[in-house]
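Asker: I am sharing model-v4.txt, which consists of compact mmCIF, C-alpha atoms:
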```
# COMPACT_ATOMS: atom_id res chain seq x y z
CA MET A 892 -4.43 -46.78 5.77
CA LYS A 893 -2.26 -47.47 8.78
CA LYS A 894 -3.50 -46.29 12.15
CA SER A 895 -0.37 -44.18 12.77
CA LEU A 896 -0.87 -42.34 9.48
CA LYS A 897 -4.50 -41.65 10.34
CA VAL A 898 -3.42 -40.19 13.67
CA VAL A 899 -0.90 -37.89 11.97
CA ILE A 900 -3.46 -36.68 9.42
CA SER A 901 -6.03 -36.08 12.15
CA ALA A 902 -3.50 -34.08 14.15
CA ILE A 903 -2.68 -31.93 11.12
CA ILE A 904 -6.36 -31.21 10.51
CA VAL A 905 -6.93 -30.25 14.16
CA ILE A 906 -3.90 -27.96 14.21
CA SER A 907 -5.02 -26.32 10.97
CA LEU A 908 -8.49 -25.67 12.37
CA ILE A 909 -7.06 -24.18 15.55
CA TRP A 910 -4.75 -21.93 13.51
CA LEU A 911 -7.66 -20.70 11.42
CA CYS A 912 -9.66 -19.93 14.55
CA VAL A 913 -6.97 -17.93 16.30
CA MET A 914 -5.64 -16.09 13.28
CA PRO A 915 -7.37 -12.69 12.89
CA LEU A 916 -9.65 -12.58 9.88
CA GLY A 917 -8.27 -10.36 7.14
CA ALA A 918 -4.76 -10.37 8.59
CA VAL A 919 -2.17 -9.64 5.93
CA GLU A 920 1.48 -10.65 6.10
CA ILE A 921 3.41 -7.84 4.48
CA LYS A 922 6.27 -9.17 2.41
CA ARG A 923 9.16 -6.74 2.60
CA TYR A 924 12.85 -7.37 3.15
CA TYR A 925 15.33 -5.46 5.28
CA GLY A 926 17.34 -3.34 2.87
CA ASP A 927 14.43 -2.63 0.51
CA ILE A 928 14.25 1.05 1.45
CA ASN A 929 12.46 2.28 -1.64
CA ASN A 930 9.88 -0.50 -1.28
CA ASP A 931 10.05 -1.76 -4.86
CA SER A 932 10.25 -5.42 -3.72
CA TYR A 933 13.93 -5.72 -4.60
CA ILE A 934 17.19 -4.94 -2.84
CA THR A 935 19.42 -3.09 -5.28
CA THR A 936 22.31 -0.64 -5.41
CA GLN A 937 19.71 2.13 -5.38
CA ASP A 938 18.72 1.10 -1.84
CA ALA A 939 22.40 1.24 -0.83
CA GLN A 940 22.63 4.73 -2.30
CA ILE A 941 19.55 5.83 -0.37
CA ALA A 942 21.01 4.43 2.85
CA LEU A 943 24.19 6.40 2.23
CA LEU A 944 22.19 9.59 1.64
CA ILE A 945 20.28 9.00 4.89
CA ALA A 946 23.52 8.32 6.76
CA THR A 947 25.05 11.58 5.49
CA LYS A 948 21.79 13.47 6.26
CA ILE A 949 21.20 14.65 2.70
CA TYR A 950 18.17 12.47 1.93
CA ASP A 951 15.12 14.72 1.68
CA GLU A 952 12.33 12.12 1.47
CA GLU A 953 10.16 11.42 4.52
CA LEU A 954 10.77 8.00 6.06
CA SER A 955 8.00 6.04 7.72
CA ASN A 956 8.84 3.87 10.72
CA MET A 957 8.88 0.85 8.45
CA ASP A 958 11.14 2.61 5.92
CA PHE A 959 13.56 3.41 8.74
CA GLU A 960 13.64 -0.19 9.93
CA ALA A 961 14.14 -1.41 6.37
CA ALA A 962 17.16 0.87 6.07
CA ASP A 963 18.53 -0.20 9.46
CA ILE A 964 19.54 -3.58 8.09
CA ASN A 965 21.82 -4.44 11.02
CA HIS A 966 19.10 -3.54 13.58
CA ASP A 967 21.27 -1.26 15.73
CA GLY A 968 18.75 1.60 15.84
CA ALA A 969 20.69 3.91 13.52
CA ILE A 970 21.23 4.29 9.79
CA ASN A 971 24.88 4.75 8.90
CA THR A 972 27.47 3.86 6.27
CA LEU A 973 27.65 0.30 7.65
CA ASP A 974 24.00 -0.20 6.68
CA ALA A 975 24.77 1.10 3.19
CA ARG A 976 27.62 -1.40 2.83
CA LEU A 977 25.50 -4.30 4.12
CA ILE A 978 22.66 -3.41 1.77
CA LEU A 979 25.12 -3.31 -1.12
CA ARG A 980 26.44 -6.75 -0.17
CA THR A 981 22.88 -8.06 0.05
CA ALA A 982 22.08 -6.57 -3.37
CA SER A 983 25.15 -8.37 -4.73
CA GLY A 984 23.99 -11.69 -3.30
CA LEU A 985 26.82 -11.90 -0.78
CA LEU A 986 24.43 -11.75 2.18
CA THR A 987 21.08 -13.49 2.67
CA LYS A 988 17.92 -11.39 2.53
CA GLU A 989 15.99 -11.14 5.79
CA LEU A 990 12.20 -10.84 5.74
CA MET A 991 10.64 -8.14 7.92
CA GLU A 992 7.96 -9.59 10.19
CA GLY A 993 5.26 -8.40 12.57
CA TYR A 994 3.90 -5.56 10.45
CA GLU A 995 0.21 -5.05 9.79
CA PHE A 996 -0.85 -3.38 6.59
CA ASP A 997 -2.11 0.19 6.89
CA GLU A 998 -3.14 2.37 3.94
CA ASN A 999 -1.97 5.42 5.92
CA PRO A 1000 -4.81 7.63 4.61
CA ALA A 1001 -3.41 10.73 6.33
CA GLY A 1002 0.01 10.24 4.75
CA PHE A 1003 -1.54 9.59 1.34
CA LEU A 1004 -3.73 12.68 1.60
CA LYS A 1005 -0.72 14.79 2.57
CA LYS A 1006 0.99 13.73 -0.65
CA VAL A 1007 -2.13 14.53 -2.66
CA ASN A 1008 -2.52 17.99 -1.12
CA GLU A 1009 1.16 18.74 -1.70
CA LEU A 1010 0.65 17.84 -5.36
CA ARG A 1011 -2.42 20.04 -5.61
CA ALA A 1012 -0.56 23.01 -4.10
CA GLU A 1013 2.37 22.42 -6.43
CA GLU A 1014 0.14 22.32 -9.51
CA ASP A 1015 -1.95 25.30 -8.39
CA PRO A 1016 -0.90 27.35 -5.34
CA LYS A 1017 -4.45 28.72 -5.10
CA SER A 1018 -6.07 25.29 -4.90
CA HIS A 1019 -7.78 24.17 -1.71
CA SER A 1020 -6.78 21.09 0.26
CA LEU A 1021 -8.90 17.95 0.26
CA VAL A 1022 -10.20 16.57 3.54
CA LEU A 1023 -10.13 12.94 4.62
CA ASP A 1024 -13.53 11.24 4.69
CA THR A 1025 -13.84 7.97 6.62
CA GLU A 1026 -16.94 6.86 4.70
CA LEU A 1027 -15.13 7.31 1.40
CA CYS A 1028 -12.25 5.26 2.82
CA LYS A 1029 -14.68 2.43 3.63
CA ALA A 1030 -16.15 2.58 0.12
CA ALA A 1031 -12.66 2.61 -1.42
CA LYS A 1032 -11.70 -0.48 0.59
CA ILE A 1033 -14.80 -2.32 -0.64
CA ALA A 1034 -14.13 -1.28 -4.23
CA ALA A 1035 -10.50 -2.44 -4.03
CA GLU A 1036 -11.60 -5.82 -2.68
CA GLU A 1037 -14.29 -6.26 -5.34
CA TYR A 1038 -11.79 -5.34 -8.04
CA THR A 1039 -9.27 -7.86 -6.71
CA GLU A 1040 -11.57 -10.77 -5.94
CA LYS A 1041 -14.36 -10.47 -8.51
CA THR A 1042 -14.05 -8.12 -11.47
CA GLY A 1043 -10.51 -7.12 -12.43
CA THR A 1044 -11.97 -4.10 -14.16
CA ALA A 1045 -11.90 -0.53 -12.89
CA PHE A 1046 -15.17 0.40 -14.58
CA THR A 1047 -17.98 -1.94 -13.56
CA ARG A 1048 -18.82 -4.19 -10.65
CA GLU A 1049 -19.68 -7.88 -10.79
CA ASP A 1050 -23.39 -7.18 -11.36
CA GLY A 1051 -22.65 -4.75 -14.19
CA SER A 1052 -23.33 -1.62 -12.15
CA PHE A 1053 -20.78 1.14 -11.83
CA TYR A 1054 -18.52 1.64 -8.84
CA TYR A 1055 -20.27 4.95 -8.23
CA ASP A 1056 -23.33 2.94 -7.24
CA LEU A 1057 -21.24 1.77 -4.29
CA LEU A 1058 -21.26 5.34 -3.00
CA ASP A 1059 -25.06 5.35 -3.13
CA GLU A 1060 -25.16 2.02 -1.29
CA GLN A 1061 -22.98 3.48 1.44
CA GLY A 1062 -25.26 6.52 1.78
CA ILE A 1063 -22.65 8.95 0.45
CA THR A 1064 -24.10 12.02 -1.24
CA TYR A 1065 -22.26 13.84 -4.02
CA ASN A 1066 -22.67 15.87 -7.20
CA TYR A 1067 -19.23 15.15 -8.60
CA ALA A 1068 -17.27 11.97 -8.01
CA ASP A 1069 -14.27 10.19 -9.46
CA LYS A 1070 -12.49 6.92 -8.78
CA ILE A 1071 -8.93 5.73 -9.37
CA ILE A 1072 -7.75 2.12 -9.12
CA ILE A 1073 -4.09 1.20 -9.54
CA THR A 1074 -1.73 -1.66 -8.73
CA ALA A 1075 1.25 -1.08 -6.46
CA SER A 1076 3.07 -2.54 -3.49
CA PHE A 1077 1.83 -1.97 0.07
CA GLY A 1078 3.57 1.41 0.47
CA TYR A 1079 1.27 4.39 0.13
CA LYS A 1080 4.10 6.50 -1.27
CA GLU A 1081 4.61 4.09 -4.14
CA ALA A 1082 0.86 3.99 -4.81
CA PHE A 1083 0.75 7.79 -4.85
CA LYS A 1084 3.72 7.90 -7.24
CA VAL A 1085 1.93 5.58 -9.68
CA MET A 1086 -1.10 7.90 -9.63
CA GLU A 1087 1.05 11.01 -9.95
CA ASP A 1088 2.83 9.59 -13.00
CA ASN A 1089 -0.46 8.82 -14.76
CA LEU A 1090 -1.84 11.93 -16.47
CA GLN A 1091 -5.49 10.94 -16.04
CA SER A 1092 -5.08 10.05 -12.36
CA LYS A 1093 -3.06 13.19 -11.69
CA LYS A 1094 -5.76 15.31 -13.32
CA ALA A 1095 -8.40 13.76 -11.06
CA LEU A 1096 -6.31 14.28 -7.91
CA CYS A 1097 -5.85 17.97 -8.79
CA ASN A 1098 -9.44 18.60 -9.86
CA GLY A 1099 -10.80 21.71 -8.15
CA HIS A 1100 -14.35 20.32 -8.01
CA PHE A 1101 -13.44 17.83 -5.32
CA GLU A 1102 -13.47 18.46 -1.58
CA LYS A 1103 -13.30 14.98 0.01
CA PHE A 1104 -10.84 12.12 -0.28
CA GLY A 1105 -10.92 8.44 0.61
CA VAL A 1106 -8.40 5.65 0.03
CA GLY A 1107 -8.52 1.88 0.49
CA ALA A 1108 -6.39 -1.07 -0.60
CA TYR A 1109 -6.70 -4.84 -0.77
CA THR A 1110 -4.38 -7.77 -1.38
CA LYS A 1111 -4.51 -11.53 -1.67
CA ASP A 1112 -0.81 -12.30 -1.38
CA GLY A 1113 0.60 -9.60 0.92
CA HIS A 1114 2.79 -8.29 -1.90
CA THR A 1115 0.66 -6.86 -4.71
CA PHE A 1116 -1.94 -4.39 -3.49
CA TYR A 1117 -4.82 -2.87 -5.40
CA TRP A 1118 -5.41 0.72 -4.35
CA CYS A 1119 -8.64 2.65 -4.83
CA ILE A 1120 -9.21 6.39 -4.41
CA PHE A 1121 -12.65 8.01 -4.23
CA LEU A 1122 -12.99 11.77 -4.68
CA THR A 1123 -16.22 13.70 -4.18
CA ASP A 1124 -17.38 17.30 -3.84
```
Translate the structure described by the file into structure tokens.
Answerer:
Amino acid sequence: MKKSLKVVISAIIVISLIWLCVMPLGAVEIKRYYGDINNDSYITTQDAQIALLIATKIYDEELSNMDFEAADINHDGAINTLDARLILRTASGLLTKELMEGYEFDENPAGFLKKVNELRAEEDPKSHSLVLDTELCKAAKIAAEEYTEKTGTAFTREDGSFYYDLLDEQGITYNYADKIIITASFGYKEAFKVMEDNLQSKKALCNGHFEKFGVGAYTKDGHTFYWCIFLTD
């Protein structure tokens, strides 16, 4: 091997090691494009329609900061009919998609819980609201990672034990418990919608036995996330 080639390879190895050292462990690059308002991983005419509804102030869904920036495709700080037209042109392939950068993944447990409690009140106005439990969130995060990296099954862990044993390992006491694992994108609203549309998951979320709520998610590629919910009394 020529000396110059060895030098180049050595330089690449050194740079790679430095990059690994300075990059935060567990950092996730969220893959979302400007114009993908509904966060379904595609830019379509539906996104243009949503932008138009936002521009005309008749869109009744809550927008997160990231949703707003996705809709503001021309980055002028406002969402108007120009954004709707640009999104439509992007959906048609006339404009190049632009990747959103600099966003760290956040399960938004408070936002998720708000959706769950709204569903519970809608299904039964007399139902009580669940409360967010940080320990359950930690357990849900671990379960989501184990599911993604090791098992691929929502029922048992790698050693054959049940995911409920994870609650015992974390020192969480309970009489009743349930767990939900689903696949969605990084948006908590999409993950909630998947659970709401599944009869078994919806039944668990609305179960009157439960008092506490925890949510966690994990990904390997920054695009597909595996979401876990733990519910206990």
Asker: Looking at A:Thr947, A:Met957, A:Phe1116, A:Ser932, which one is nearest to Gly993 in chain A, with distances taken over all atoms listed in the file?
Answerer: A:Met957
Asker: Using all atoms listed in the file, which residue out of A:Phe996, A:Ile945, A:Met991, A:Ser955 lies closest to Ala975 in chain A?
Answerer: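 Ranking A:Phe996, A:Ile945, A:Met991, A:Ser955 by distance to Ala975 in chain A, first place goes to A:Ile945.
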Asker: Have a look at CA of Ser1052 in chain A and CA of Asn1098 in chain A and let me know their distance in Å, one decimal.
Answerer: 24.6 Å
Asker: Identify the residues around (-18.0, 7.6, 2.0) within a radius of 8 Å, measuring from all atoms listed in the file in the coordinates stated by the file, and give them as a list in words.
Answerer: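 Residues with an atom close enough to that point: Asp1024, Thr1025, Glu1026, Leu1027, Cys1028, Lys1029, Ala1030, Leu1058, Gln1061, Gly1062, Ile1063 and Gly1105 of chain A.
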Asker: I'd like to know which of A:Leu944, A:Leu985, A:Cys1119, A:Leu954 is closest to Glu1036 in chain A, using all atoms listed in the file.
Answerer: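 Of A:Leu944, A:Leu985, A:Cys1119, A:Leu954, the one nearest Glu1036 in chain A, counting all atoms listed in the file, is A:Cys1119.
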Asker: Could you check which of A:Asp1088, A:Thr981, A:Asn956, A:Asp931 is closest to Gly968 in chain A, using all atoms listed in the file?
Answerer: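 Comparing A:Asp1088, A:Thr981, A:Asn956, A:Asp931 against Gly968 in chain A, the winner is A:Asn956.
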Asker: To one decimal place, how far is CA of Lys1103 in chain A from CA of Glu995 in chain A in Å?
Answerer: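 CA of Glu995 in chain A lies 26.1 Å from CA of Lys1103 in chain A.
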Asker: Give, as JSON, the centre coordinates and the x, y and z edge lengths in Å to one decimal for an axis-aligned box around all listed atoms of range 932-945 of chain A, padded by 6 Å on each side.
Answerer:
```
{"center_x": 17.2, "center_y": 1.9, "center_z": -0.3, "size_x": 25.9, "size_y": 27.3, "size_z": 22.3}
```
Asker: Expressed in Å to a single decimal, how great is the separation between CA of Ala982 in chain A and CA of Ser1076 in chain A?
Answerer: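 Interatomic distance here is 19.4 Å.
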Asker: Taking all atoms listed in the file into account, which of A:His1114, A:Lys1032, A:Arg1011, A:Lys1080 comes nearest Lys1093 in chain A?
Answerer: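 Closest candidate: A:Arg1011.
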Asker: I want to know what sits within 10 Å of Phe1101 in chain A, based on all atoms listed in the file, with residues of the same chain fewer than 5 positions away left out; could you give that as a list in words?
Answerer: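 Returned residues: His1019, Ser1020, Leu1021, Val1022, Tyr1065, Asn1066, Tyr1067, Ala1068, Asp1069, Ala1095, Leu1096, Phe1121, Leu1122, Thr1123 and Asp1124 of chain A.
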Asker: I need the residues from that last selection saved to file as a PDB file, in the frame of the given file (with C-alpha atoms), if you can.
Answerer:
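That gives us out-v8.pdb:
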```
ATOM      1  CA  HIS A1019      -7.780  24.170  -1.710  1.00  0.00           C
ATOM      2  CA  SER A1020      -6.780  21.090   0.260  1.00  0.00           C
ATOM      3  CA  LEU A1021      -8.900  17.950   0.260  1.00  0.00           C
ATOM      4  CA  VAL A1022     -10.200  16.570   3.540  1.00  0.00           C
ATOM      5  CA  TYR A1065     -22.260  13.840  -4.020  1.00  0.00           C
ATOM      6  CA  ASN A1066     -22.670  15.870  -7.200  1.00  0.00           C
ATOM      7  CA  TYR A1067     -19.230  15.150  -8.600  1.00  0.00           C
ATOM      8  CA  ALA A1068     -17.270  11.970  -8.010  1.00  0.00           C
ATOM      9  CA  ASP A1069     -14.270  10.190  -9.460  1.00  0.00           C
ATOM     10  CA  ALA A1095      -8.400  13.760 -11.060  1.00  0.00           C
ATOM     11  CA  LEU A1096      -6.310  14.280  -7.910  1.00  0.00           C
ATOM     12  CA  PHE A1121     -12.650   8.010  -4.230  1.00  0.00           C
ATOM     13  CA  LEU A1122     -12.990  11.770  -4.680  1.00  0.00           C
ATOM     14  CA  THR A1123     -16.220  13.700  -4.180  1.00  0.00           C
ATOM     15  CA  ASP A1124     -17.380  17.300  -3.840  1.00  0.00           C
TER      16      ASP A1124
END
```
Asker: Check the smallest atom-to-atom distance from each of A:Gly1107, A:Ala1034, A:Thr1039, A:Tyr925 to Asp1056 in chain A using all atoms listed in the file, then report the winner.
Answerer: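 So, comparing all the options, the nearest one is A:Ala1034.
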Asker: Which residues are near Glu953 in chain A? Cut-off 12 Å, only C-alpha atoms, ignore same chain within fewer than 3 positions. Put them as an NGL selection string.
Answerer: :A and (928-929 or 941 or 945 or 948-950 or 956-959 or 1002 or 1005-1006 or 1080)
